[in-house]
Every structure is written in structure tokens, then in C-alpha cells.
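Asks: The structure file input06.cif (mmCIF, C-alpha atoms and all ligand atoms) is provided below.
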data_target
#
loop_
_atom_site.label_atom_id
_atom_site.label_comp_id
_atom_site.auth_asym_id
_atom_site.auth_seq_id
_atom_site.Cartn_x
_atom_site.Cartn_y
_atom_site.Cartn_z
CA MET R 3 -28.82 22.27 -80.26
CA ALA R 4 -31.61 22.96 -77.79
CA GLU R 5 -34.98 23.49 -79.42
CA LYS R 6 -35.64 27.18 -79.93
CA ASN R 7 -38.93 29.04 -80.08
CA TYR R 8 -38.87 31.55 -82.91
CA ARG R 9 -42.60 32.33 -82.64
CA ALA R 10 -43.37 35.82 -81.39
CA GLU R 11 -46.51 36.64 -79.42
CA LEU R 12 -48.55 39.26 -81.24
CA VAL R 13 -50.58 42.24 -80.02
CA GLY R 14 -51.37 45.51 -81.77
CA VAL R 15 -53.82 48.27 -82.50
CA PHE R 16 -56.68 48.49 -85.00
CA GLY R 17 -57.76 51.98 -86.05
CA ASP R 18 -58.34 54.31 -88.98
CA PRO R 19 -56.54 56.67 -89.09
CA VAL R 20 -53.78 55.01 -87.10
CA ASP R 21 -50.45 55.97 -88.71
CA GLY R 22 -49.74 58.61 -86.02
CA ASN R 23 -50.56 56.31 -83.08
CA PRO R 24 -47.38 56.04 -80.93
CA THR R 25 -48.50 53.17 -78.66
CA GLY R 26 -46.23 50.67 -80.46
CA VAL R 27 -43.17 52.66 -79.39
CA LEU R 28 -43.99 52.33 -75.74
CA GLU R 29 -45.17 48.71 -75.82
CA GLU R 30 -42.17 47.51 -77.85
CA ALA R 31 -39.79 49.38 -75.51
CA GLY R 32 -41.49 47.54 -72.64
CA PHE R 33 -41.25 44.12 -74.34
CA ALA R 34 -37.53 44.64 -75.06
CA ALA R 35 -36.79 45.76 -71.50
CA ALA R 36 -38.71 42.80 -70.04
CA GLY R 37 -36.95 40.35 -72.43
CA LEU R 38 -40.25 39.27 -74.02
CA ASN R 39 -40.43 38.04 -77.64
CA TRP R 40 -43.62 40.03 -78.30
CA ARG R 41 -44.47 42.37 -81.21
CA TYR R 42 -46.95 45.26 -81.41
CA LEU R 43 -48.48 45.74 -84.86
CA THR R 44 -50.02 49.08 -85.84
CA CYS R 45 -52.78 48.13 -88.32
CA ARG R 46 -55.03 50.36 -90.37
CA VAL R 47 -58.45 48.68 -90.29
CA ALA R 48 -61.31 50.41 -92.11
CA VAL R 49 -64.67 50.51 -90.38
CA GLU R 50 -66.19 47.90 -92.74
CA ASP R 51 -63.25 45.52 -92.15
CA LEU R 52 -63.46 45.29 -88.36
CA ALA R 53 -65.36 41.97 -88.34
CA ASP R 54 -62.72 40.35 -90.58
CA ALA R 55 -59.91 41.91 -88.53
CA MET R 56 -61.32 40.45 -85.30
CA ARG R 57 -61.69 37.02 -86.96
CA GLY R 58 -58.13 37.40 -88.22
CA MET R 59 -56.95 38.28 -84.76
CA ARG R 60 -58.42 35.05 -83.40
CA ALA R 61 -57.00 33.02 -86.34
CA LEU R 62 -53.50 34.41 -85.82
CA GLY R 63 -53.65 33.65 -82.12
CA MET R 64 -52.99 37.28 -81.23
CA ARG R 65 -52.83 37.83 -77.48
CA GLY R 66 -54.74 41.10 -77.62
CA VAL R 67 -55.36 44.35 -79.45
CA ASN R 68 -55.99 47.99 -78.70
CA LEU R 69 -58.89 49.69 -80.45
CA THR R 70 -58.86 53.30 -81.41
CA MET R 71 -61.11 55.50 -83.56
CA PRO R 72 -63.55 54.44 -85.03
CA HIS R 73 -63.75 50.96 -83.46
CA LYS R 74 -64.07 51.41 -79.68
CA VAL R 75 -67.83 50.85 -79.56
CA GLU R 76 -68.34 48.68 -82.66
CA VAL R 77 -65.84 46.06 -81.43
CA ILE R 78 -68.10 45.08 -78.52
CA GLN R 79 -70.28 42.85 -80.72
CA TYR R 80 -67.25 40.62 -81.51
CA LEU R 81 -66.25 40.04 -77.87
CA ASP R 82 -67.16 37.27 -75.41
CA GLU R 83 -66.98 39.27 -72.17
CA LEU R 84 -66.66 42.86 -70.93
CA SER R 85 -65.02 44.22 -67.79
CA GLU R 86 -67.22 46.30 -65.50
CA ALA R 87 -65.54 49.55 -66.60
CA ALA R 88 -65.95 48.75 -70.30
CA ARG R 89 -69.62 47.92 -69.70
CA ILE R 90 -70.30 51.19 -67.87
CA ILE R 91 -68.29 53.32 -70.31
CA GLY R 92 -69.78 51.47 -73.29
CA ALA R 93 -66.45 51.42 -75.11
CA VAL R 94 -63.40 49.15 -75.29
CA ASN R 95 -59.82 50.27 -75.91
CA THR R 96 -58.19 46.94 -75.07
CA VAL R 97 -59.04 43.34 -75.92
CA ILE R 98 -57.38 40.49 -74.06
CA ALA R 99 -57.39 36.94 -75.48
CA ARG R 100 -57.66 34.56 -72.54
CA ASP R 101 -58.62 30.84 -72.51
CA GLY R 102 -60.12 31.07 -76.00
CA LYS R 103 -62.23 34.10 -75.09
CA LEU R 104 -61.92 37.74 -76.12
CA ILE R 105 -62.40 40.07 -73.14
CA GLY R 106 -63.01 43.81 -73.56
CA GLU R 107 -61.51 46.31 -71.12
CA ASN R 108 -61.19 50.09 -71.01
CA THR R 109 -57.89 51.33 -69.60
CA ASP R 110 -58.06 54.99 -70.76
CA GLY R 111 -59.64 56.28 -67.55
CA LYS R 112 -57.61 53.95 -65.31
CA GLY R 113 -54.44 55.24 -67.00
CA PHE R 114 -55.52 58.80 -66.28
CA VAL R 115 -56.28 58.07 -62.61
CA ARG R 116 -52.88 56.38 -62.25
CA SER R 117 -51.17 59.47 -63.74
CA LEU R 118 -52.74 61.56 -60.95
CA THR R 119 -51.66 59.01 -58.33
CA ASP R 120 -48.10 59.14 -59.75
CA GLU R 121 -48.11 62.91 -59.19
CA GLY R 122 -49.43 62.52 -55.63
CA ILE R 123 -52.75 64.18 -56.50
CA PRO R 124 -55.63 62.57 -54.55
CA LEU R 125 -59.11 62.22 -56.09
CA SER R 126 -60.97 61.17 -52.99
CA GLY R 127 -63.66 63.70 -52.05
CA LYS R 128 -62.60 66.13 -54.82
CA THR R 129 -64.67 68.16 -57.25
CA VAL R 130 -63.42 67.58 -60.80
CA THR R 131 -64.30 69.78 -63.78
CA LEU R 132 -64.12 67.94 -67.08
CA LEU R 133 -64.00 69.77 -70.42
CA GLY R 134 -65.55 67.45 -73.03
CA ALA R 135 -67.91 64.47 -73.02
CA GLY R 136 -66.48 62.27 -75.81
CA GLY R 137 -64.85 58.86 -75.46
CA ALA R 138 -61.83 59.97 -73.42
CA ALA R 139 -63.98 62.19 -71.18
CA LYS R 140 -66.41 59.35 -70.52
CA ALA R 141 -63.63 56.95 -69.50
CA ILE R 142 -61.99 59.59 -67.30
CA GLY R 143 -65.25 60.78 -65.73
CA VAL R 144 -66.38 57.26 -64.80
CA GLU R 145 -62.98 56.21 -63.41
CA CYS R 146 -62.52 59.46 -61.43
CA ALA R 147 -65.96 58.85 -59.89
CA LEU R 148 -65.13 55.19 -59.13
CA ALA R 149 -61.81 56.37 -57.61
CA GLY R 150 -63.70 58.51 -55.08
CA ALA R 151 -64.23 61.95 -56.65
CA ARG R 152 -67.20 63.61 -54.88
CA LYS R 153 -68.53 65.64 -57.80
CA LEU R 154 -67.97 66.02 -61.53
CA ASN R 155 -68.81 69.19 -63.45
CA ILE R 156 -69.14 68.25 -67.14
CA ILE R 157 -68.72 71.15 -69.56
CA ASN R 158 -69.52 70.25 -73.18
CA ARG R 159 -70.87 71.96 -76.32
CA ASN R 160 -73.13 69.09 -77.35
CA ALA R 161 -75.82 68.94 -74.64
CA ALA R 162 -76.99 65.41 -75.48
CA ARG R 163 -73.48 64.02 -75.03
CA GLY R 164 -72.93 66.06 -71.85
CA THR R 165 -76.16 64.95 -70.17
CA GLU R 166 -75.59 61.33 -71.21
CA LEU R 167 -72.25 61.35 -69.39
CA VAL R 168 -73.91 62.89 -66.32
CA GLU R 169 -76.54 60.12 -66.38
CA THR R 170 -73.90 57.40 -66.76
CA ILE R 171 -71.91 58.69 -63.78
CA SER R 172 -75.02 59.19 -61.63
CA LYS R 173 -76.37 55.71 -62.44
CA HIS R 174 -73.19 53.71 -61.92
CA THR R 175 -71.13 55.57 -59.31
CA PRO R 176 -71.75 57.31 -55.95
CA ALA R 177 -70.47 60.67 -57.33
CA GLU R 178 -72.66 63.68 -58.05
CA ALA R 179 -72.51 64.85 -61.70
CA VAL R 180 -73.69 68.13 -63.20
CA TYR R 181 -73.89 69.20 -66.86
CA LEU R 182 -72.90 72.77 -67.74
CA PRO R 183 -73.50 74.03 -71.31
CA TRP R 184 -70.49 75.37 -73.24
CA ALA R 185 -71.47 78.41 -75.28
CA GLY R 186 -68.79 81.04 -75.83
CA THR R 187 -66.06 81.38 -73.21
CA ALA R 188 -66.77 78.91 -70.40
CA ALA R 189 -66.40 80.00 -66.77
CA ILE R 190 -64.69 77.41 -64.53
CA PRO R 191 -67.03 76.56 -61.63
CA ALA R 192 -65.85 78.02 -58.33
CA ASP R 193 -65.88 74.60 -56.60
CA THR R 194 -63.32 73.14 -59.09
CA GLU R 195 -60.38 71.39 -57.41
CA ILE R 196 -59.02 69.54 -60.45
CA LEU R 197 -59.49 70.72 -64.07
CA ILE R 198 -59.14 68.34 -67.03
CA ASN R 199 -59.17 69.06 -70.76
CA ALA R 200 -60.66 65.89 -72.26
CA THR R 201 -61.45 67.49 -75.63
CA CYS R 202 -59.21 67.14 -78.68
CA VAL R 203 -58.63 70.92 -78.81
CA GLY R 204 -54.90 71.67 -79.13
CA LEU R 205 -54.03 68.33 -80.75
CA HIS R 206 -51.38 68.44 -83.49
CA PRO R 207 -51.54 70.08 -86.04
CA SER R 208 -53.89 72.62 -84.35
CA VAL R 209 -51.21 73.48 -81.79
CA ASP R 210 -52.20 77.18 -81.61
CA GLU R 211 -55.68 76.32 -80.32
CA CYS R 212 -56.82 75.87 -76.73
CA PRO R 213 -60.22 75.30 -75.08
CA ASP R 214 -62.28 78.49 -74.88
CA ILE R 215 -62.43 78.95 -71.09
CA ARG R 216 -61.79 81.79 -68.63
CA TYR R 217 -58.15 81.08 -67.82
CA GLU R 218 -58.25 83.71 -65.07
CA ASP R 219 -60.54 81.29 -63.13
CA ILE R 220 -57.62 78.84 -62.71
CA ALA R 221 -56.34 79.13 -59.15
CA PRO R 222 -52.59 78.93 -58.43
CA GLY R 223 -51.63 75.39 -57.41
CA MET R 224 -54.75 73.83 -58.97
CA PRO R 225 -54.01 70.49 -60.70
CA VAL R 226 -54.75 71.04 -64.42
CA CYS R 227 -54.52 68.04 -66.75
CA ASP R 228 -54.71 67.45 -70.51
CA VAL R 229 -55.50 64.30 -72.47
CA VAL R 230 -53.77 65.71 -75.55
CA PHE R 231 -50.26 64.18 -75.70
CA ASN R 232 -49.09 65.59 -79.04
CA PRO R 233 -47.70 68.15 -78.35
CA ALA R 234 -46.67 67.03 -74.87
CA MET R 235 -47.19 70.57 -73.55
CA PRO R 236 -50.28 71.94 -75.35
CA LEU R 237 -51.24 75.62 -75.23
CA PHE R 238 -53.94 74.77 -72.62
CA LEU R 239 -51.31 73.53 -70.16
CA ARG R 240 -48.95 76.41 -70.95
CA LYS R 241 -51.70 78.93 -70.16
CA ALA R 242 -52.59 77.03 -66.98
CA ALA R 243 -48.92 76.96 -65.94
CA ALA R 244 -48.75 80.72 -66.47
CA ARG R 245 -51.56 80.97 -63.86
CA GLY R 246 -49.42 78.95 -61.42
CA ALA R 247 -51.34 75.68 -61.92
CA ARG R 248 -49.80 72.27 -61.29
CA VAL R 249 -49.89 70.73 -64.79
CA VAL R 250 -50.22 67.02 -65.63
CA THR R 251 -49.54 66.09 -69.28
CA GLY R 252 -51.31 63.47 -71.42
CA LEU R 253 -48.07 61.47 -71.73
CA GLY R 254 -48.59 60.06 -68.22
CA MET R 255 -52.11 58.87 -69.10
CA LEU R 256 -50.86 57.32 -72.35
CA THR R 257 -47.94 55.58 -70.63
CA ASN R 258 -50.12 54.28 -67.83
CA GLN R 259 -52.85 52.90 -70.05
CA GLY R 260 -50.09 51.27 -72.13
CA ALA R 261 -48.55 49.81 -68.97
CA LEU R 262 -51.92 48.45 -67.83
CA ASN R 263 -52.44 46.83 -71.26
CA PHE R 264 -48.92 45.35 -71.10
CA GLU R 265 -49.72 43.78 -67.73
CA LEU R 266 -53.13 42.48 -68.82
CA TRP R 267 -51.64 40.85 -71.93
CA THR R 268 -48.33 39.49 -70.61
CA GLY R 269 -49.00 38.99 -66.89
CA VAL R 270 -45.59 40.64 -66.33
CA LYS R 271 -45.08 43.90 -64.40
CA ALA R 272 -44.62 46.70 -66.92
CA PRO R 273 -41.27 48.55 -66.97
CA ARG R 274 -43.13 51.88 -66.80
CA GLU R 275 -40.06 54.13 -66.57
CA VAL R 276 -38.55 52.62 -69.74
CA MET R 277 -41.90 52.93 -71.53
CA TYR R 278 -42.36 56.55 -70.45
CA GLU R 279 -38.82 57.53 -71.50
CA ALA R 280 -39.28 55.88 -74.93
CA LEU R 281 -42.48 57.84 -75.50
CA LYS R 282 -41.00 61.10 -74.24
CA LYS R 283 -38.01 60.70 -76.56
CA GLU R 284 -40.39 60.07 -79.46
CA PHE R 285 -42.04 63.46 -78.89
CA GLU R 286 -38.74 65.28 -78.36
CA ASP R 287 -37.30 64.01 -81.69
P1 LIG R 301 -64.25 62.33 -79.23
O1 LIG R 301 -64.39 62.67 -80.67
O2 LIG R 301 -64.98 61.16 -78.68
O3 LIG R 301 -64.66 63.61 -78.34
C1 LIG R 301 -64.18 64.89 -78.63
C2 LIG R 301 -64.64 65.86 -77.56
O4 LIG R 301 -64.00 67.11 -77.82
C3 LIG R 301 -66.13 66.11 -77.54
O5 LIG R 301 -66.55 66.31 -76.21
C4 LIG R 301 -66.26 67.42 -78.32
O6 LIG R 301 -67.36 68.19 -77.97
C5 LIG R 301 -65.02 68.13 -77.87
N1 LIG R 301 -64.60 69.20 -78.78
C6 LIG R 301 -64.10 69.07 -80.03
N2 LIG R 301 -63.80 70.27 -80.55
C7 LIG R 301 -64.14 71.20 -79.60
C8 LIG R 301 -64.07 72.60 -79.53
N3 LIG R 301 -63.60 73.34 -80.53
N4 LIG R 301 -64.48 73.22 -78.39
C9 LIG R 301 -64.96 72.48 -77.35
N5 LIG R 301 -65.06 71.14 -77.36
C10 LIG R 301 -64.64 70.50 -78.47
O7 LIG R 301 -62.67 62.16 -79.01
P2 LIG R 301 -61.93 61.33 -77.86
O8 LIG R 301 -62.63 61.58 -76.57
O9 LIG R 301 -61.73 59.93 -78.30
O10 LIG R 301 -60.49 62.00 -77.85
C11 LIG R 301 -60.29 63.29 -77.29
C12 LIG R 301 -58.81 63.53 -77.12
O11 LIG R 301 -58.28 62.59 -76.16
C13 LIG R 301 -57.97 63.33 -78.38
O12 LIG R 301 -57.05 64.40 -78.47
C14 LIG R 301 -57.21 62.04 -78.10
O13 LIG R 301 -55.96 62.01 -78.75
C15 LIG R 301 -57.03 62.11 -76.60
N6 LIG R 301 -56.79 60.83 -75.96
C16 LIG R 301 -55.67 60.73 -75.17
C17 LIG R 301 -55.38 59.56 -74.52
C18 LIG R 301 -54.15 59.49 -73.68
O14 LIG R 301 -53.80 58.38 -73.26
N7 LIG R 301 -53.50 60.60 -73.34
C19 LIG R 301 -56.24 58.36 -74.64
C20 LIG R 301 -57.43 58.60 -75.45
C21 LIG R 301 -57.66 59.79 -76.09
P3 LIG R 301 -68.85 67.99 -78.61
O15 LIG R 301 -69.40 66.76 -77.96
O16 LIG R 301 -69.55 69.22 -78.21
O17 LIG R 301 -68.63 67.85 -80.09
#
Can the structure in the file be given as C-alpha cells, please?
Ligand code: NDP

Replies:
Amino acid sequence: MAEKNYRAELVGVFGDPVDGNPTGVLEEAGFAAAGLNWRYLTCRVAVEDLADAMRGMRALGMRGVNLTMPHKVEVIQYLDELSEAARIIGAVNTVIARDGKLIGENTDGKGFVRSLTDEGIPLSGKTVTLLGAGGAAKAIGVECALAGARKLNIINRNAARGTELVETISKHTPAEAVYLPWAGTAAIPADTEILINATCVGLHPSVDECPDIRYEDIAPGMPVCDVVFNPAMPLFLRKAAARGARVVTGLGMLTNQGALNFELWTGVKAPREVMYEALKKEFED
């Protein structure tokens, strides 16, 4: 009998809470479709256990991990190198083990930009209005700017977080960035060409909530995007669609960041359609 290799390559996600994280569904669907003996482990790692978890990851020879709340910034101290995007954003959602080194990358914003490209929505020269200035907003804002957006309007309640994102974009990219306070119902700036909800408002189980903005400011045909992927069609996007907007769901961003991670880890082209369908089915069930 020919010698067989029963050893699976391991990747996964460390987070807390993490039980509701669906990334394993899409990665495992991709591994199966590509014929790869890889497994994606969804691991609950408490904040005080991250150092041990990263040591464990090295000891087990894991090929990489995703990081989600609350580890995206803290993990940096355990890594050997950072990609340019991860350095600018100051957060890591993906670690790649390569040649004995752990490399930190941030694919959240790249996944978002790719979801716009998939829909044929150009960013070059555009004015983008971003609701939120948290982790997802930072990754999206920086990558939109690096992808050629001309201007970013950042609307956020917390002024310190909003102005910090403006400073980050202004320092590291050629784009112009402006902070707009969010008190009461926010007006959408008249120069907006693409509107993005990068807050967690509308996320399950708060499905009856939506960002407090003037929905009548949304112009028909305007691309309106949401990072929230559960539900796939949050109230924000339904209200935008009722205004005639062109809506882009958070499932595309999630699939694309998952596909980028797949490619970084395996070196194999990701079967994106299969991964997207697996995720979509998960949310329909
Ligand atoms: P953070 O906690 O880092 O940031 C949350 C942001 O939401 C802050 O800007 C916060 O504003 C804002 N916010 C919260 N509540 C309100 C409210 N009631 N009104 C206005 N603004 C509000 O979270 P993340 O950035 O990590 O995650 C945000 C969302 O992105 C989550 O739903 C997450 O699931 C999703 N996500 C989706 C991904 C995908 O692939 N589709 C990938 C990564 C994240 P303030 O600063 O004023 O408190």
C-alpha cells in the first residue's frame, strides 16, 4: 500500500465570543471543493489566554489563524512581521505562518473593496461616506483610500475615534478625509457617491434597528453597502433599497476576506462561488 498522509493542515479563528462566527463554513466549503485536507477550527480564546493560544498555534504547526474580537490589536505583540495594511490599520484579522514566522495581515478592508469590484462599482476618484470608525470602518476606510477614493467623510458618535481615523487616512494615503460628528439624525453629505454602514447597528439580534441617518438623502442608484452580514439584508439596506439605492450586502465582504485568507494560507486560488453559496445557504437555513 502506498504511504498515505493522514495529517490535516490546520487553520482557524481565535475570538471571544466566537460561537456565532460563520467563517468556518465558508473556509471548509472551499477546502472541500479544492480537494485540500485542511480543517478550520473555531476556538473560544479568552483575552488572558491569547499568549498561550499563539504559542499553541506555533506548537501545533497551524498554518494560520483569523483573529476576531477582542484579539485583533493585542495579537500584534506575538507576531514576527506585519503587512503594510495591518501596520497602517493597527489591527490584524489574519495570521499566516510562513518559513517559521508569523505574519499579520488585515483582509477586512481588502475583502470589502473586492466586493465593490465584483459589483462593478469603481472607487477611483469617488467620495465615500463611512458610518462608524471602529475596527471594520478603519480597515474599509484605509483600503478604499488606497484603492483610489478621492475623499472619505467619516461620521461617528465618538469624536476621538472619528478624528483618529481621519488622521490615519490623511497620514498614510493620498485621499482627503473629513470627520463629521454624529449627534441625533445624521445628514448624508451632498457630495456622497458611495455610502457604507460600518457600524454594528442592525446586527442580529437587534434586527429592527438601523443607523440614525436621513434616509431621504440617499439618491436613487447610489451604491449603499453594509458590513453587517447577519441578517444578510439588514433594515439599513432595505430602507436604502426603498430609496432606489444599489445595495451591496456584507456577505460579499465576508466571502472575499475569507477567499483572500484561503489564498494566503494555501497558495491555491479560492473557489469563491462555492464559498459564497455555502455562506448564503447558512443564512437562509
Ligand atoms: P467596533 O466595536 O470596533 O466598532 C463599532 C462601531 O459602531 C463604532 O464606530 C461605534 O461608534 C459604532 N456604533 C455602535 N453603536 C452605534 C449606534 N447605536 N449608533 C451609531 N454608531 C454606533 O466593531 P467592528 O468595527 O469590529 O464591527 C462592526 C461591524 O462590522 C460588526 O457588525 C461586525 O460583525 C461587522 N464586520 C463585518 C465583516 C464582514 O466581513 N462583513 C468583517 C468585520 C466586521 P462609536 O465609536 O461612537 O462607539

Asks: Measuring atom to atom with only C-alpha atoms and all ligand atoms, identify which of R:Ala55, R:Leu84, R:Ala162, R:Val276 is nearest to ligand LIG 301 (chain R).

Replies: R:Ala162

Asks: Give me, as number ranges by chain, the set of residues whose atoms come within 6 Å of any atom of ligand LIG 301 (chain R), counting only C-alpha atoms and all ligand atoms.

Replies: R: 110, 134-139, 158-160, 163, 200-203, 205, 213, 229-231, 252-253, 255-256

Asks: For Thr268 (chain R), list every protein, DNA or RNA residue within 10 Å, evaluated using only C-alpha atoms, and leave out those in the same chain fewer than 4 positions away; present the list as a ChimeraX atom specification.

Replies: /R:11,33,38,40,65-66,98,263-264,272

Asks: In terms of the shortest atom-to-atom distance over all atoms listed in the file, which of R:Val209, R:Ala244, R:Trp267, R:Tyr80 is closest to Arg41 (chain R)?

Replies: R:Trp267

Asks: Pick the closest to Ser126 (chain R) from R:Val270, R:Ile198, R:Val49, R:Ala151: which is it, counting only C-alpha atoms?

Replies: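 So, comparing all the options, the nearest one is R:Ala151.
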
Asks: When you draw a straight line from CA of Val67 (chain R) to CA of Thr96 (chain R), how long is it in Å?

Replies: 5.8 Å

Asks: Counting all atoms listed in the file, which of R:Ala48, R:Leu81, R:Leu118, R:Ile171 gets nearest to Ile105 (chain R)?

Replies: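 Checking each candidate against Ile105 (chain R), we get R:Leu81 as the closest.
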
Asks: Check the smallest atom-to-atom distance from each of R:Ala234, R:Ala161, R:Leu125, R:Leu197 to Asp219 (chain R) using only C-alpha atoms, then report the winner.

Replies: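 Of R:Ala234, R:Ala161, R:Leu125, R:Leu197, the one nearest Asp219 (chain R), counting only C-alpha atoms, is R:Leu197.
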
Asks: Which residue out of R:Gly164, R:Gly37, R:Gly143, R:Pro72 has the minimum interatomic distance to Trp184 (chain R) when all atoms listed in the file are used?

Replies: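 Checking each of R:Gly164, R:Gly37, R:Gly143, R:Pro72 against Trp184 (chain R), counting all atoms listed in the file, the winner is R:Gly164.
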
Asks: For a test of reading the model, state the distance in Å between CA of Ala188 (chain R) and CA of Ile215 (chain R), rounded to one decimal.

Replies: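 Pair CA of Ala188 (chain R) / CA of Ile215 (chain R) returns 4.4 Å.
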